[in-house]
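This is data_20.txt. It holds compact mmCIF, C-alpha atoms and all ligand atoms.
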```txt
# COMPACT_ATOMS: atom_id res chain seq x y z
CA MET A 1332 5.01 16.80 -35.11
CA LYS A 1333 6.81 13.52 -35.69
CA ARG A 1334 10.03 15.16 -34.51
CA VAL A 1335 8.41 16.41 -31.29
CA LEU A 1336 7.04 12.93 -30.62
CA LEU A 1337 10.44 11.30 -31.17
CA TYR A 1338 12.03 13.92 -28.91
CA GLY A 1339 9.45 13.20 -26.18
CA VAL A 1340 10.02 9.46 -26.39
CA GLY A 1341 13.77 10.05 -26.23
CA VAL A 1342 13.46 12.16 -23.06
CA ILE A 1343 11.33 9.46 -21.39
CA ILE A 1344 13.87 6.74 -22.26
CA VAL A 1345 16.70 8.86 -20.83
CA LEU A 1346 14.71 9.55 -17.63
CA VAL A 1347 13.85 5.88 -17.13
CA ALA A 1348 17.50 4.96 -17.69
CA LEU A 1349 18.62 7.61 -15.17
CA VAL A 1350 16.17 6.30 -12.55
CA ALA A 1351 17.30 2.71 -13.20
CA ILE A 1352 20.95 3.71 -12.85
CA GLY A 1353 20.16 5.90 -9.82
CA LEU A 1354 18.48 3.00 -8.01
CA ARG A 1355 21.76 1.10 -8.20
CA VAL A 1356 23.60 3.86 -6.32
CA PRO A 1357 23.76 2.91 -2.59
CA ALA A 1358 23.15 6.47 -1.35
CA ILE A 1359 20.01 6.77 -3.48
CA GLN A 1360 18.84 3.31 -2.42
CA ASP A 1361 19.17 4.43 1.21
CA VAL A 1362 17.03 7.52 0.59
CA VAL A 1363 14.36 5.47 -1.21
CA LEU A 1364 14.35 2.93 1.61
CA GLU A 1365 14.10 5.59 4.33
CA ARG A 1366 11.19 7.34 2.61
CA GLY A 1367 9.36 4.09 1.90
CA VAL A 1368 9.70 2.79 5.44
CA ASN A 1369 8.67 6.15 6.89
CA ALA A 1370 5.57 6.23 4.72
CA VAL A 1371 4.47 2.83 6.02
CA VAL A 1372 5.35 3.41 9.68
CA SER A 1373 3.75 6.86 9.84
CA SER A 1374 0.51 5.81 8.12
CA ASP A 1375 -2.43 5.60 10.49
CA GLN A 1376 -3.48 2.25 11.87
CA ILE A 1377 -7.11 1.30 11.41
CA ASP A 1378 -9.25 2.60 14.27
CA LEU A 1379 -11.35 -0.14 15.88
CA SER A 1380 -12.53 1.91 18.84
CA ASP A 1381 -15.71 3.38 17.35
CA PRO A 1382 -18.28 2.99 20.15
CA ASP A 1383 -21.16 3.30 17.76
CA SER A 1384 -20.68 0.88 14.91
CA LEU A 1385 -20.35 -2.74 13.98
CA THR A 1386 -17.38 -3.22 11.67
CA LEU A 1387 -16.07 -6.22 9.75
CA ILE A 1388 -12.59 -6.54 8.31
CA PHE A 1389 -11.99 -9.58 6.14
CA CYS A 1390 -8.53 -10.93 6.97
CA GLY A 1391 -8.98 -14.19 5.08
CA THR A 1392 -11.59 -15.06 2.48
CA GLY A 1393 -10.12 -18.30 1.17
CA GLY A 1394 -10.27 -21.89 2.29
CA PRO A 1395 -7.76 -24.72 2.55
CA PHE A 1396 -6.35 -24.29 -0.97
CA PRO A 1397 -3.15 -22.30 -1.44
CA ASP A 1398 -4.27 -18.95 -2.79
CA PRO A 1399 -1.93 -15.95 -3.10
CA GLU A 1400 -4.95 -13.62 -3.06
CA ARG A 1401 -6.75 -15.03 -0.04
CA ALA A 1402 -5.68 -16.08 3.43
CA GLY A 1403 -7.59 -18.83 5.24
CA PRO A 1404 -10.97 -18.05 6.86
CA CYS A 1405 -10.59 -15.06 9.17
CA THR A 1406 -12.95 -12.15 9.79
CA LEU A 1407 -12.40 -9.45 12.36
CA VAL A 1408 -15.51 -8.09 14.05
CA ALA A 1409 -15.33 -4.81 15.98
CA ALA A 1410 -18.47 -4.06 17.96
CA GLY A 1411 -18.42 -0.80 19.87
CA GLY A 1412 -14.70 -1.15 20.49
CA ARG A 1413 -14.74 -4.83 21.43
CA VAL A 1414 -12.80 -6.94 18.97
CA PHE A 1415 -13.27 -10.57 17.97
CA LEU A 1416 -12.18 -12.87 15.19
CA VAL A 1417 -14.46 -15.35 13.54
CA ASP A 1418 -12.02 -18.21 12.83
CA SER A 1419 -8.25 -17.93 12.63
CA GLY A 1420 -7.36 -19.32 9.23
CA THR A 1421 -3.89 -19.74 7.83
CA GLY A 1422 -2.27 -16.37 7.15
CA GLY A 1423 -5.07 -14.31 8.73
CA ALA A 1424 -2.83 -12.73 11.36
CA GLN A 1425 -0.29 -11.72 8.73
CA ARG A 1426 -3.06 -10.21 6.63
CA LEU A 1427 -4.19 -8.10 9.58
CA GLN A 1428 -0.63 -6.84 10.03
CA GLN A 1429 -0.35 -6.10 6.35
CA LEU A 1430 -3.60 -4.11 6.53
CA ARG A 1431 -2.31 -2.24 9.60
CA VAL A 1432 -5.15 -3.46 11.76
CA PRO A 1433 -4.20 -3.21 15.45
CA MET A 1434 -4.75 -6.38 17.46
CA GLU A 1435 -4.31 -5.27 21.05
CA ARG A 1436 -8.06 -5.12 21.58
CA LEU A 1437 -8.60 -8.69 20.40
CA GLU A 1438 -10.35 -10.55 23.19
CA ALA A 1439 -11.60 -13.77 21.63
CA VAL A 1440 -11.86 -16.01 18.59
CA LEU A 1441 -15.27 -17.44 17.73
CA TYR A 1442 -14.75 -20.77 15.99
CA THR A 1443 -17.36 -21.96 13.54
CA HIS A 1444 -15.84 -25.44 13.54
CA LEU A 1445 -12.49 -27.06 13.99
CA HIS A 1446 -11.37 -27.88 10.45
CA SER A 1447 -7.70 -27.12 9.91
CA ASP A 1448 -8.21 -24.22 7.51
CA HIS A 1449 -10.19 -22.38 10.23
CA ILE A 1450 -7.80 -22.93 13.12
CA ALA A 1451 -4.30 -23.18 11.65
CA GLY A 1452 -3.45 -19.49 12.13
CA LEU A 1453 -4.15 -19.41 15.88
CA GLY A 1454 -0.50 -19.44 16.93
CA ASP A 1455 0.19 -16.30 14.90
CA VAL A 1456 -3.03 -14.62 16.08
CA ALA A 1457 -2.05 -15.26 19.70
CA LEU A 1458 1.53 -14.07 19.24
CA ASN A 1459 0.82 -11.05 17.02
CA SER A 1460 -1.95 -9.73 19.24
CA TRP A 1461 0.28 -10.24 22.30
CA ALA A 1462 3.16 -8.44 20.58
CA GLY A 1463 0.67 -5.78 19.52
CA GLY A 1464 -0.16 -4.95 23.13
CA ARG A 1465 -2.90 -7.38 24.16
CA LYS A 1466 -2.89 -7.45 27.97
CA GLU A 1467 -5.51 -10.10 28.72
CA PRO A 1468 -5.67 -13.82 27.90
CA LEU A 1469 -7.21 -14.75 24.57
CA THR A 1470 -10.45 -16.73 24.80
CA LEU A 1471 -11.54 -19.33 22.27
CA TYR A 1472 -15.27 -19.91 21.89
CA GLY A 1473 -16.47 -22.81 19.83
CA PRO A 1474 -17.60 -26.41 19.71
CA PRO A 1475 -16.23 -29.06 22.05
CA GLY A 1476 -12.62 -29.53 21.05
CA VAL A 1477 -11.57 -25.90 21.47
CA GLU A 1478 -10.12 -26.90 24.86
CA GLY A 1479 -7.60 -29.07 23.02
CA LEU A 1480 -6.93 -26.31 20.52
CA ALA A 1481 -6.28 -23.81 23.33
CA ASN A 1482 -4.11 -26.10 25.46
CA GLY A 1483 -2.28 -27.64 22.53
CA THR A 1484 -1.46 -24.27 21.00
CA PHE A 1485 -0.34 -22.89 24.36
CA ASP A 1486 1.95 -25.89 24.82
CA ALA A 1487 3.26 -25.93 21.26
CA PHE A 1488 4.25 -22.26 21.48
CA GLY A 1489 5.52 -22.48 25.06
CA ILE A 1490 9.22 -22.18 24.18
CA ASP A 1491 8.49 -19.32 21.80
CA SER A 1492 6.39 -17.47 24.40
CA LYS A 1493 9.05 -17.83 27.09
CA SER A 1494 11.73 -16.56 24.75
CA ARG A 1495 9.64 -13.47 23.92
CA ILE A 1496 9.30 -12.60 27.59
CA ASP A 1497 13.00 -13.33 28.29
CA HIS A 1498 14.10 -11.34 25.27
CA HIS A 1499 11.85 -8.28 25.35
CA GLY A 1500 10.76 -8.13 28.98
CA GLU A 1501 7.49 -8.48 30.88
CA GLU A 1502 6.48 -4.86 30.20
CA VAL A 1503 6.30 -5.66 26.48
CA PHE A 1504 5.04 -9.25 26.66
CA GLU A 1505 2.89 -9.33 29.79
CA PRO A 1506 2.99 -12.94 31.01
CA GLN A 1507 -0.72 -13.25 31.84
CA ALA A 1508 -1.62 -12.42 28.22
CA GLN A 1509 0.12 -15.52 26.84
CA VAL A 1510 -2.67 -17.63 28.34
CA ILE A 1511 -5.18 -19.09 25.89
CA LYS A 1512 -8.50 -19.84 27.56
CA SER A 1513 -11.24 -21.94 26.09
CA ALA A 1514 -15.00 -21.64 26.40
CA ALA A 1515 -16.42 -24.67 24.63
CA PHE A 1516 -20.17 -24.85 24.26
CA LEU A 1517 -22.57 -27.31 22.73
CA VAL A 1518 -25.57 -26.33 20.67
CA PRO A 1519 -27.90 -29.17 21.69
CA SER A 1520 -29.93 -29.44 18.50
CA ARG A 1521 -30.68 -27.74 15.20
CA ASP A 1522 -33.61 -26.02 16.87
CA ASP A 1523 -31.54 -24.40 19.61
CA THR A 1524 -29.38 -21.34 19.87
CA VAL A 1525 -26.74 -20.75 22.50
CA THR A 1526 -26.01 -17.24 23.74
CA VAL A 1527 -22.24 -16.96 23.71
CA ILE A 1528 -21.93 -13.35 24.88
CA GLU A 1529 -24.62 -10.96 26.01
CA GLU A 1530 -23.20 -7.80 27.51
CA GLY A 1531 -24.47 -4.28 27.07
CA ASP A 1532 -25.33 -3.64 23.43
CA LEU A 1533 -23.61 -6.80 22.20
CA LYS A 1534 -25.22 -10.17 21.73
CA ILE A 1535 -23.57 -13.16 20.05
CA THR A 1536 -25.53 -16.35 19.51
CA ALA A 1537 -24.55 -19.61 17.86
CA PHE A 1538 -26.67 -22.12 15.98
CA LYS A 1539 -26.04 -25.38 14.19
CA VAL A 1540 -25.33 -25.71 10.50
CA ASP A 1541 -24.83 -28.83 8.41
CA HIS A 1542 -21.20 -29.67 7.63
CA VAL A 1543 -21.03 -33.45 7.82
CA PRO A 1544 -19.30 -35.51 9.02
CA LEU A 1545 -18.65 -32.92 11.72
CA GLU A 1546 -21.20 -33.14 14.48
CA ASN A 1547 -20.71 -29.56 15.60
CA ALA A 1548 -20.45 -26.82 13.02
CA TYR A 1549 -21.83 -23.44 14.00
CA GLY A 1550 -23.10 -20.28 12.45
CA TYR A 1551 -22.97 -17.06 14.49
CA ARG A 1552 -25.40 -14.18 14.74
CA ILE A 1553 -23.75 -11.02 16.05
CA GLU A 1554 -25.99 -8.15 17.09
CA PHE A 1555 -24.69 -4.77 18.21
CA LYS A 1556 -27.27 -2.12 19.03
CA ASP A 1557 -29.62 -2.25 16.03
CA ARG A 1558 -27.17 -3.81 13.54
CA THR A 1559 -26.77 -7.51 12.76
CA VAL A 1560 -24.26 -9.71 10.98
CA VAL A 1561 -24.64 -13.43 10.52
CA PHE A 1562 -21.87 -15.89 9.64
CA SER A 1563 -22.59 -19.27 8.08
CA GLY A 1564 -19.31 -20.98 8.90
CA ASP A 1565 -18.89 -23.98 6.58
CA THR A 1566 -22.18 -25.54 5.60
CA VAL A 1567 -24.29 -26.99 2.86
CA ARG A 1568 -27.34 -24.95 1.92
CA ASP A 1569 -29.07 -24.86 5.28
CA GLN A 1570 -32.47 -23.46 6.29
CA ASN A 1571 -30.99 -22.62 9.69
CA MET A 1572 -29.28 -19.69 7.95
CA VAL A 1573 -32.72 -18.40 7.04
CA ARG A 1574 -34.17 -19.09 10.44
CA PHE A 1575 -31.37 -17.68 12.58
CA GLY A 1576 -30.04 -15.21 10.04
CA ALA A 1577 -33.37 -13.48 9.47
CA ASP A 1578 -33.25 -9.78 8.59
CA ALA A 1579 -29.48 -9.52 9.01
CA ASP A 1580 -27.86 -6.39 7.65
CA VAL A 1581 -25.00 -8.53 6.39
CA MET A 1582 -24.90 -12.26 5.73
CA VAL A 1583 -21.40 -13.67 5.37
CA HIS A 1584 -21.94 -16.98 3.61
CA GLU A 1585 -19.42 -19.61 2.64
CA VAL A 1586 -19.35 -20.73 -0.97
CA MET A 1587 -17.77 -23.22 -3.27
CA GLY A 1588 -17.64 -22.45 -6.98
CA MET A 1589 -19.14 -25.76 -8.05
CA ALA A 1590 -18.45 -25.47 -11.80
CA ASN A 1591 -14.85 -24.50 -11.07
CA ILE A 1592 -14.30 -27.35 -8.61
CA HIS A 1593 -15.85 -29.87 -10.99
CA ALA A 1594 -13.50 -28.70 -13.75
CA ILE A 1595 -10.55 -29.31 -11.40
CA ILE A 1596 -11.92 -32.72 -10.37
CA GLY A 1597 -12.29 -33.67 -14.03
CA ALA A 1598 -8.72 -32.60 -14.80
CA LEU A 1599 -7.38 -34.54 -11.80
CA ARG A 1600 -9.21 -37.69 -12.87
CA GLY A 1601 -7.91 -37.25 -16.42
CA ASN A 1602 -4.39 -37.11 -15.00
CA GLY A 1603 -4.75 -40.16 -12.81
CA GLN A 1604 -4.85 -38.19 -9.55
CA SER A 1605 -7.85 -40.06 -8.25
CA THR A 1606 -7.19 -39.61 -4.51
CA THR A 1607 -7.18 -35.81 -4.74
CA ALA A 1608 -10.19 -36.00 -7.05
CA LYS A 1609 -12.06 -38.05 -4.44
CA ILE A 1610 -11.18 -35.62 -1.64
CA LEU A 1611 -12.44 -32.67 -3.70
CA THR A 1612 -15.58 -34.56 -4.70
CA ASP A 1613 -16.32 -35.30 -1.03
CA ALA A 1614 -15.62 -31.65 -0.17
CA SER A 1615 -17.98 -30.40 -2.87
CA GLU A 1616 -20.80 -32.22 -1.09
CA VAL A 1617 -20.50 -30.25 2.15
CA HIS A 1618 -20.45 -26.67 0.86
CA THR A 1619 -22.88 -24.22 -0.76
CA SER A 1620 -22.99 -22.93 -4.33
CA PRO A 1621 -23.09 -19.15 -4.93
CA VAL A 1622 -26.65 -19.41 -6.33
CA ASP A 1623 -27.86 -21.37 -3.30
CA ALA A 1624 -26.23 -18.87 -0.94
CA ALA A 1625 -27.97 -16.04 -2.84
CA GLU A 1626 -31.32 -17.80 -2.45
CA ILE A 1627 -30.68 -18.30 1.26
CA ALA A 1628 -29.83 -14.60 1.65
CA ASN A 1629 -33.05 -13.69 -0.14
CA GLU A 1630 -35.13 -15.98 2.03
CA ALA A 1631 -33.49 -14.54 5.13
CA ASN A 1632 -34.12 -10.99 3.87
CA ALA A 1633 -30.44 -10.11 4.31
CA SER A 1634 -29.52 -6.67 2.99
CA LEU A 1635 -25.99 -7.50 1.85
CA LEU A 1636 -24.61 -10.94 1.03
CA ILE A 1637 -20.86 -11.39 1.18
CA TYR A 1638 -19.38 -14.53 -0.28
CA ASN A 1639 -16.65 -15.91 1.93
CA HIS A 1640 -14.45 -19.02 2.13
CA ILE A 1641 -14.06 -18.81 -1.62
CA VAL A 1642 -13.01 -22.17 -2.96
CA PRO A 1643 -11.40 -23.06 -5.27
CA PRO A 1644 -9.06 -20.11 -5.90
CA MET A 1645 -9.83 -18.17 -9.08
CA PRO A 1646 -6.52 -17.34 -10.76
CA LEU A 1647 -8.21 -16.97 -14.15
CA GLY A 1648 -10.61 -14.04 -14.66
CA VAL A 1649 -13.02 -16.35 -16.44
CA MET A 1650 -13.38 -18.41 -13.27
CA GLU A 1651 -15.02 -15.48 -11.49
CA ASP A 1652 -17.60 -15.17 -14.28
CA ILE A 1653 -18.27 -18.90 -14.05
CA PHE A 1654 -18.45 -18.64 -10.23
CA MET A 1655 -21.13 -15.92 -10.52
CA ARG A 1656 -23.21 -17.69 -13.18
CA GLY A 1657 -26.90 -17.59 -12.32
CA VAL A 1658 -26.47 -15.39 -9.24
CA SER A 1659 -27.91 -12.22 -10.79
CA ASP A 1660 -30.98 -14.22 -11.85
CA VAL A 1661 -31.88 -14.85 -8.22
CA ARG A 1662 -30.34 -11.78 -6.56
CA SER A 1663 -29.68 -8.80 -8.79
CA GLU A 1664 -28.08 -6.57 -6.15
CA GLY A 1665 -26.61 -6.71 -2.68
CA VAL A 1666 -23.97 -9.36 -3.46
CA VAL A 1667 -20.24 -8.94 -2.96
CA ILE A 1668 -17.48 -11.47 -3.56
CA GLY A 1669 -15.47 -11.13 -0.36
CA PHE A 1670 -11.78 -10.30 -0.61
CA ASP A 1671 -8.94 -9.88 1.85
CA GLY A 1672 -8.95 -6.26 2.98
CA LEU A 1673 -12.69 -5.73 2.57
CA ARG A 1674 -14.05 -3.52 5.34
CA VAL A 1675 -17.76 -3.23 6.08
CA ARG A 1676 -19.05 -0.60 8.49
CA LEU A 1677 -22.54 -0.58 9.96
CA PRO A 1678 -23.19 2.59 11.96
CA ALA A 1679 -25.78 2.10 14.70
CA GLY A 1680 -29.04 3.96 14.34
CA SER A 1681 -29.06 3.86 10.54
CA ASP A 1682 -29.50 1.49 7.62
CA GLU A 1683 -26.16 2.45 6.09
CA ILE A 1684 -23.84 -0.32 4.95
CA ALA A 1685 -20.53 1.23 3.92
CA TYR A 1686 -17.98 -1.08 2.38
CA GLY A 1687 -14.77 -0.95 0.42
CA ARG A 1688 -11.12 -1.88 0.29
CA LEU A 1689 -8.87 -0.90 3.16
ZN ZN B 1701 -13.31 -24.49 5.57
ZN ZN B 1702 -14.96 -27.09 7.06
```
So that I can check it, write out the structure of this file as C-alpha cells.
Amino acid sequence: MKRVLLYGVGVIIVLVALVAIGLRVPAIQDVVLERGVNAVVSSDQIDLSDPDSLTLIFCGTGGPFPDPERAGPCTLVAAGGRVFLVDSGTGGAQRLQQLRVPMERLEAVLYTHLHSDHIAGLGDVALNSWAGGRKEPLTLYGPPGVEGLANGTFDAFGIDSKSRIDHHGEEVFEPQAQVIKSAAFLVPSRDDTVTVIEEGDLKITAFKVDHVPLENAYGYRIEFKDRTVVFSGDTVRDQNMVRFGADADVMVHEVMGMANIHAIIGALRGNGQSTTAKILTDASEVHTSPVDAAEIANEANASLLIYNHIVPPMPLGVMEDIFMRGVSDVRSEGVVIGFDGLRVRLPAGSDEIAYGRL
C-alpha cells in the first residue's frame, strides 16, 4: 500500500515537472496562448436585450478607497433592452469589459451625486461604449453640475477621440457618438420627486437623500413593468429611502462598515496621521451602517437588500464578520453583500429575484 502511494506521488511529481518544462517550450506556449485566447473570444457576451426583465449588473461595489476586489460605484441597469449606468466609478468600465458585458446599448448615466468616486470612470465609459458600437451620444442625468462633467470630459478626451476616428475610421467610431450630452435636473425639496424618464414600461424618478455638505444628492427609483429597484446613492440613514423606496423588489443601499472604519481611524491617529484620520471621521458621518440600511430596507418592505459602495475595503475575512454584526438581528434574510460581477434578474410578471455571479 505504502509502495503504491509512493509510486502515485512520484508519477504526479514527474507530470508536474513535465508540464512546467513544457510551458517553457515556445511552441507549447503558443498552443496554450491560442487556446486560452480562443476560449475568451468565443465565449458568449452577456445578453442585455431581454424585453421582459429588469436586470442589474454590479460593475463597481466599492467607494473611493483602493480595493483590488471592488471598482468604484457603478451599476448597470438593463430594462427591457434599454441600458443605463447608475454612476461611473473608477474602474467600472474595465469591470464591464472583464465581465464581457456589451456596452453598445448604453444610452445614459444616472448620477446620484458628483463626488469623485462616482464620476471618475466616465472617460472610460464613454470611450469603451463608443468602441463597443454605441451609435448615439451618451446622456448624463444628474444634479446641477453634470453639464460641467459632460463638457469637461468631452474636452479632456478631445484629442483621444479625434485620434480614434482618424485611426480606425468613422464606420468604427461614428463621430456623432463621441458627444456627451447633459440633462441636469434639480429636485426642489426632500418632499419632491422628479421624473427623469417615463417612456413605455420604464419610469425613472429621482428623490433627495442626505449627503452633506452636498446640496444635491439623489436616490433613484427605477420601475420597469411591475418590477422595481431603488438606489440610495450616498446618504446617511434617510427616511426618504423608506418613503420613495417603498415595496421595491431590490433596494441597493450604500454602506460604511462603521466598526472597520473606526479601527482604521484609531490606527491612523496612533500613527500620527491625523489629517487622514480627520477625513475618514468626517466621511463616517455621511454614510449608513449595515444595520441601519437593513432597518431602512425593512421599513420600506424591500424584498432584497444589496449592500453597495462598500467602504472600507475588507481584505481580512474577519472584517466581513464585523461588517455584518447585528444585521441578522434586524433582518434575518434577503440581504446580500454586493460584489463586482453580481447579476440580479427580475423577470416581469413574477416575484422571482434571481441573482448570482456572472
Ligand atoms: Zn461615494
Ligand atoms: Zn459621496
Practice item. May I have the residues within 10 Å of ligand ZN 1702 (chain B), computed using all atoms listed in the file, as a PyMOL selection string? Key: chain A and resi 1394-1395+1404+1443-1449+1542-1545+1548+1564-1566+1585+1614+1617-1618+1640
Practice item. Between A:Lys1512, A:Arg1688, A:His1498, A:Arg1521, single out the one closest to A:Gly1483, counting all atoms listed in the file. Key: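 Looking at the shortest contact to A:Gly1483, the residue is A:Lys1512.
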Exercise for review: Go through A:Met1645, A:Ala1508, A:Leu1677, A:Asp1418 one by one, measure the shortest atom-to-atom distance of each to ligand ZN 1701 (chain B) using all atoms listed in the file, and give the residue with the smallest value.
Suggested key: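 Of A:Met1645, A:Ala1508, A:Leu1677, A:Asp1418, the one nearest ligand ZN 1701 (chain B) is A:Asp1418, counting all atoms listed in the file.
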All file atoms of stretch 1462-1480 of chain A boxed axis-aligned, 4 Å per side, centre plus edges, as lines of an AutoDock Vina configuration file:
```
center_x = -7.2
center_y = -17.2
center_z = 24.1
size_x = 28.8
size_y = 32.6
size_z = 17.2
```
Exercise for review: Identify, on the basis of only C-alpha atoms, every residue whose closest approach to A:Glu1478 does not exceed 12 Å; exclude the query and any residue fewer than 3 positions from it along the same chain; express the result as a PyMOL selection string.
Suggested key: chain A and resi 1442+1445+1470-1475+1481-1485+1511-1516
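From atom CA of A:Asp1455 back to atom CA of A:Arg1495, the distance works out to 13.4 Å.
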Point to revise | Residue contacts of A:Ile1553 (8 Å, all atoms listed in the file) excluding same-chain residues fewer than 2 positions away, as a ChimeraX atom specification | key: /A:1533-1536,1551,1555,1559-1561
Keeping only C-alpha atoms, write those residues as a PDB file, in the frame of the given file.
```pdb
ATOM      1  CA  LEU A1533     -23.610  -6.800  22.200  1.00  0.00           C
ATOM      2  CA  LYS A1534     -25.220 -10.170  21.730  1.00  0.00           C
ATOM      3  CA  ILE A1535     -23.570 -13.160  20.050  1.00  0.00           C
ATOM      4  CA  THR A1536     -25.530 -16.350  19.510  1.00  0.00           C
ATOM      5  CA  TYR A1551     -22.970 -17.060  14.490  1.00  0.00           C
ATOM      6  CA  PHE A1555     -24.690  -4.770  18.210  1.00  0.00           C
ATOM      7  CA  THR A1559     -26.770  -7.510  12.760  1.00  0.00           C
ATOM      8  CA  VAL A1560     -24.260  -9.710  10.980  1.00  0.00           C
ATOM      9  CA  VAL A1561     -24.640 -13.430  10.520  1.00  0.00           C
TER      10      VAL A1561
END
```
Point to revise | Atomic separation - atom CA of A:Lys1539 relative to atom CA of A:Val1525, Å | key: 9.5 Å
Point to revise | Residues within 10 Å of A:Asp1523, only C-alpha atoms, excluding chain neighbours under 6 positions, as a list in words | key: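 The neighbour list is Leu1517, Ala1537, Phe1538, Lys1539 and Phe1575 of chain A.
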Review point. How far is it from atom CA of A:Thr1421 to atom CA of A:Gly1452, in Å with one decimal?
Key: 4.3 Å
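Between A:Arg1552 and the residues A:Gly1576, A:Pro1382, A:Gly1341, A:Gly1500, the shortest atom-to-atom distance, using all atoms listed in the file, involves A:Gly1576.
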Sphere at (-27.8, -11.0, -2.8), radius 10 Å, counting all atoms listed in the file: residues as a tab-separated table (two decimals) with C-alpha atoms, in the coordinates of the input:
```tsv
chain	number	residue	atom	x	y	z
A	1581	VAL	CA	-25.00	-8.53	6.39
A	1582	MET	CA	-24.90	-12.26	5.73
A	1621	PRO	CA	-23.09	-19.15	-4.93
A	1622	VAL	CA	-26.65	-19.41	-6.33
A	1624	ALA	CA	-26.23	-18.87	-0.94
A	1625	ALA	CA	-27.97	-16.04	-2.84
A	1626	GLU	CA	-31.32	-17.80	-2.45
A	1627	ILE	CA	-30.68	-18.30	1.26
A	1628	ALA	CA	-29.83	-14.60	1.65
A	1629	ASN	CA	-33.05	-13.69	-0.14
A	1632	ASN	CA	-34.12	-10.99	3.87
A	1633	ALA	CA	-30.44	-10.11	4.31
A	1634	SER	CA	-29.52	-6.67	2.99
A	1635	LEU	CA	-25.99	-7.50	1.85
A	1636	LEU	CA	-24.61	-10.94	1.03
A	1637	ILE	CA	-20.86	-11.39	1.18
A	1638	TYR	CA	-19.38	-14.53	-0.28
A	1658	VAL	CA	-26.47	-15.39	-9.24
A	1659	SER	CA	-27.91	-12.22	-10.79
A	1661	VAL	CA	-31.88	-14.85	-8.22
A	1662	ARG	CA	-30.34	-11.78	-6.56
A	1663	SER	CA	-29.68	-8.80	-8.79
A	1664	GLU	CA	-28.08	-6.57	-6.15
A	1665	GLY	CA	-26.61	-6.71	-2.68
A	1666	VAL	CA	-23.97	-9.36	-3.46
A	1667	VAL	CA	-20.24	-8.94	-2.96
```
Review point. So which one's closest to A:Leu1427, A:Asp1383, A:Asp1522, A:Asp1682, A:Asp1671? Using only C-alpha atoms, please.
Key: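 Smallest separation from A:Leu1427 among the options: A:Asp1671.
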Check your understanding: Given the choices A:Gly1531, A:Gly1603, A:Gly1353, A:Pro1468, which gets closest to A:Lys1556 if the distance is worked out from only C-alpha atoms?
Key -> A:Gly1531
Study note, to complete from the structure: Counting all atoms listed in the file, the residue among A:Leu1441, A:Val1350, A:Met1587, A:Ile1388 that lies closest to ligand ZN 1701 (chain B) is A:Met1587
Practice item. Quick one: everything within 6 Å of stretch 1374-1379 of chain A, counting all atoms listed in the file, minus sequence neighbours fewer than 3 positions away in the same chain. Send it as a VMD selection string. Key: chain A and resid 1371 1412 1431 to 1432
Could you dump the residues just selected with C-alpha atoms as a PDB file, in the coordinates of the input?
```
ATOM      1  CA  VAL A1371       4.470   2.830   6.020  1.00  0.00           C
ATOM      2  CA  GLY A1412     -14.700  -1.150  20.490  1.00  0.00           C
ATOM      3  CA  ARG A1431      -2.310  -2.240   9.600  1.00  0.00           C
ATOM      4  CA  VAL A1432      -5.150  -3.460  11.760  1.00  0.00           C
TER       5      VAL A1432
END
```
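A search radius of 10 Å centred on (-5.9, -17.7, 0.7), applied to all atoms listed in the file, returns the residues A:Cys1390, A:Gly1391, A:Thr1392, A:Gly1393, A:Gly1394, A:Pro1395, A:Phe1396, A:Pro1397, A:Asp1398, A:Pro1399, A:Glu1400, A:Arg1401, A:Ala1402, A:Gly1403, A:Pro1404, A:Gly1420, A:Thr1421, A:Gly1422, A:Gly1423, A:Arg1426, A:Asp1448, A:His1640, A:Ile1641, A:Val1642, A:Pro1643, A:Pro1644, A:Phe1670, A:Asp1671.
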